[in-house]
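Report on the following structure.
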Amino acid sequence: MDTCQTLVVNEQKILRFKSLKSTNLYLQQKLQEGDDIVNQVVMTDYQTAGKGLDNNRWESEPGMNLLFSMALDVSFLEAENQFRISQAVPLSIINVLKKYLPKNSLYVKWPNDVYYSDKKIVGMLINNTLSNRMMDVSIVGIGVNVNQVKFGDDLPNPISMKIITDSHYDLMPLLVEFIDSIRQSVSLLKSSDGVKMVEESYIRHLYRYGKKARYQYKGKIMTLMIVGFDKFGRLQLQDEMGKIITCDLKEIKFLMG
């Protein structure tokens, strides 16, 4: 692990490393050691073992993108409602990206990646801890493709802010915008009105919602239409016969092209 640099940007304290295995792993280890990690933000210029959902690799050119994790106090949420975090956080990212990118092209790809049209611009990994029937701490790891313009051929559909706009972005002010937006969105989950607002916005931004598309479901290629999700966050799709399929992450694969 590299030496840590402590930065303060707009009153936000940020721990910055040149290189880490994973910002999420760093915070998880601190939590296991008994540290109070709530509200801590960790970023790195390069991750040697960055992961996305379902152990997918996250590639990032050193110093070109935002790779960060933050620890959130979500003890006000019941454990069965933890999917609400996966709704609120990507929406908070979209709220910031709308300032810089065409807003009508930004979507949440279930459960919590952010897409620009049909390409991935933000990846996310959320690790939750529980205390009995309540949530405790949520460690949210986020990778935003900002200034990188070349990606490996083995990545299926990456895109960055610079590819879209041909502009270079200052990472630190952008990071603070994301941090502030995440906190605001998660705080909405403390009230029933806020939860309703988040859920309605999530549906509006849900990639392929109400549209027929090709998926691989349990190894079989099918034409399905996303119609919603259940309270546990499992995706609900309708087949061509009108039957509703409810699936977890590992059961469904979005087919592109």
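Naming scheme: A, B, ... for chains in displayed order of the structure tokens; residues 1 onward per chain; ligands 1 onward as shown.
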Enumerate the residues of range 31-257 of chain A with a DSSP assignment of helix (DSSP H, G or I), computed from the backbone, and present them as number ranges by chain. A: 31-32, 53-55, 79-81, 83-97, 103-105, 161-165, 171-190, 192-205, 249-251
Neighbour list for Ala213 in chain A as a PyMOL selection string, cut-off 8 Å, only C-alpha atoms, skip fewer than 6 positions in-chain: chain A and resi 223-225+255
List the neighbours of Met256 in chain A out to 10 Å using only C-alpha atoms; skip same-chain residues closer than 6 positions along the sequence, and give me the result as a VMD selection string. chain A and resid 118 to 119 156 to 157 213 to 215
Requested write-out: N, CA, C and O atoms of the selected residues, as a PDB file, in the first residue's frame:
```pdb
ATOM      1  N   ASP A 118     -25.773   3.057 -24.764  1.00  0.00           N
ATOM      2  CA  ASP A 118     -25.567   1.627 -24.543  1.00  0.00           C
ATOM      3  C   ASP A 118     -24.154   1.315 -24.050  1.00  0.00           C
ATOM      4  O   ASP A 118     -23.686   0.181 -24.172  1.00  0.00           O
ATOM      5  N   LYS A 119     -23.489   2.309 -23.492  1.00  0.00           N
ATOM      6  CA  LYS A 119     -22.106   2.114 -23.059  1.00  0.00           C
ATOM      7  C   LYS A 119     -21.938   2.436 -21.568  1.00  0.00           C
ATOM      8  O   LYS A 119     -22.596   3.327 -21.037  1.00  0.00           O
ATOM      9  N   PRO A 156     -16.282  -4.851 -23.001  1.00  0.00           N
ATOM     10  CA  PRO A 156     -17.291  -4.882 -24.054  1.00  0.00           C
ATOM     11  C   PRO A 156     -17.821  -3.531 -24.515  1.00  0.00           C
ATOM     12  O   PRO A 156     -18.054  -3.323 -25.700  1.00  0.00           O
ATOM     13  N   ASN A 157     -18.005  -2.576 -23.619  1.00  0.00           N
ATOM     14  CA  ASN A 157     -18.696  -1.353 -24.044  1.00  0.00           C
ATOM     15  C   ASN A 157     -18.359  -0.132 -23.183  1.00  0.00           C
ATOM     16  O   ASN A 157     -19.250   0.572 -22.722  1.00  0.00           O
ATOM     17  N   ALA A 213     -35.851  -6.593 -25.436  1.00  0.00           N
ATOM     18  CA  ALA A 213     -34.430  -6.720 -25.755  1.00  0.00           C
ATOM     19  C   ALA A 213     -33.993  -8.166 -25.520  1.00  0.00           C
ATOM     20  O   ALA A 213     -34.726  -8.968 -24.937  1.00  0.00           O
ATOM     21  N   ARG A 214     -32.787  -8.467 -25.954  1.00  0.00           N
ATOM     22  CA  ARG A 214     -32.275  -9.828 -25.837  1.00  0.00           C
ATOM     23  C   ARG A 214     -31.466  -9.998 -24.556  1.00  0.00           C
ATOM     24  O   ARG A 214     -30.651  -9.143 -24.203  1.00  0.00           O
ATOM     25  N   TYR A 215     -31.729 -11.115 -23.893  1.00  0.00           N
ATOM     26  CA  TYR A 215     -31.027 -11.449 -22.656  1.00  0.00           C
ATOM     27  C   TYR A 215     -30.653 -12.925 -22.681  1.00  0.00           C
ATOM     28  O   TYR A 215     -31.271 -13.723 -23.390  1.00  0.00           O
TER      29      TYR A 215
END
```
If we count only C-alpha atoms, what is near range 91-101 of chain A at a cut-off of 8 Å, once residues fewer than 3 positions away on the same chain are taken out, given as a compact mmCIF listing (two decimals) with N, CA and C atoms, in the first residue's frame?
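Saved file around-v7.txt follows:
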```
# COMPACT_ATOMS: atom_id res chain seq x y z
N GLN A 87 -30.34 1.97 -5.48
CA GLN A 87 -31.14 2.89 -6.28
C GLN A 87 -30.64 4.32 -6.12
N ALA A 88 -30.43 4.73 -4.88
CA ALA A 88 -30.09 6.12 -4.60
C ALA A 88 -28.72 6.52 -5.12
N LEU A 106 -28.51 9.23 -20.19
CA LEU A 106 -27.95 8.62 -18.98
C LEU A 106 -28.97 7.69 -18.33
N TYR A 107 -28.52 6.48 -18.01
CA TYR A 107 -29.42 5.46 -17.47
C TYR A 107 -28.73 4.69 -16.33
N VAL A 108 -29.57 4.06 -15.51
CA VAL A 108 -29.08 3.08 -14.55
C VAL A 108 -29.30 1.70 -15.14
N VAL A 114 -23.97 2.80 -14.26
CA VAL A 114 -24.50 3.95 -14.99
C VAL A 114 -24.05 3.84 -16.44
N MET A 161 -16.28 10.36 -20.06
CA MET A 161 -16.77 11.72 -20.23
C MET A 161 -16.00 12.43 -21.35
N ILE A 164 -17.08 11.45 -24.85
CA ILE A 164 -18.38 12.02 -25.21
C ILE A 164 -18.26 13.49 -25.56
N THR A 165 -17.50 14.27 -24.77
CA THR A 165 -17.49 15.73 -24.93
C THR A 165 -16.20 16.29 -25.50
N GLU A 177 -18.19 16.86 -5.97
CA GLU A 177 -19.59 16.92 -6.44
C GLU A 177 -20.28 15.57 -6.27
N PHE A 178 -19.59 14.50 -6.62
CA PHE A 178 -20.17 13.17 -6.47
C PHE A 178 -20.42 12.85 -4.99
N SER A 181 -23.45 14.75 -3.73
CA SER A 181 -24.68 14.25 -4.34
C SER A 181 -25.08 12.89 -3.74
N ILE A 182 -24.10 12.03 -3.48
CA ILE A 182 -24.39 10.73 -2.87
C ILE A 182 -25.02 10.91 -1.50
N GLN A 184 -26.65 13.45 -0.32
CA GLN A 184 -27.99 14.02 -0.45
C GLN A 184 -29.00 12.95 -0.86
N SER A 185 -28.63 12.12 -1.84
CA SER A 185 -29.56 11.09 -2.32
C SER A 185 -29.84 10.05 -1.26
N VAL A 198 -37.07 8.51 -4.85
CA VAL A 198 -35.94 7.73 -5.37
C VAL A 198 -36.43 6.58 -6.25
N SER A 201 -37.70 7.88 -9.60
CA SER A 201 -36.59 8.33 -10.44
C SER A 201 -35.81 7.14 -10.98
N TYR A 202 -35.66 6.12 -10.15
CA TYR A 202 -34.93 4.92 -10.59
C TYR A 202 -35.64 4.27 -11.78
```
Test item: residues at most 10 Å from Lys231 in chain A, only C-alpha atoms, excluding those fewer than 5 positions along its chain, as a PyMOL selection string: chain A and resi 80-84
As a ChimeraX atom specification, please: every residue in range 32-120 of chain A that a backbone DSSP assignment puts in strand (DSSP E). /A:41-44,66-73,106-109,113-116,119-120
Can you tell me, as a ChimeraX atom specification, what residues are no more than 12 Å from Lys18 in chain A when counting only C-alpha atoms, ignoring any on the same chain fewer than 5 positions away? /A:1-6,23,42-48,62-63,67-68
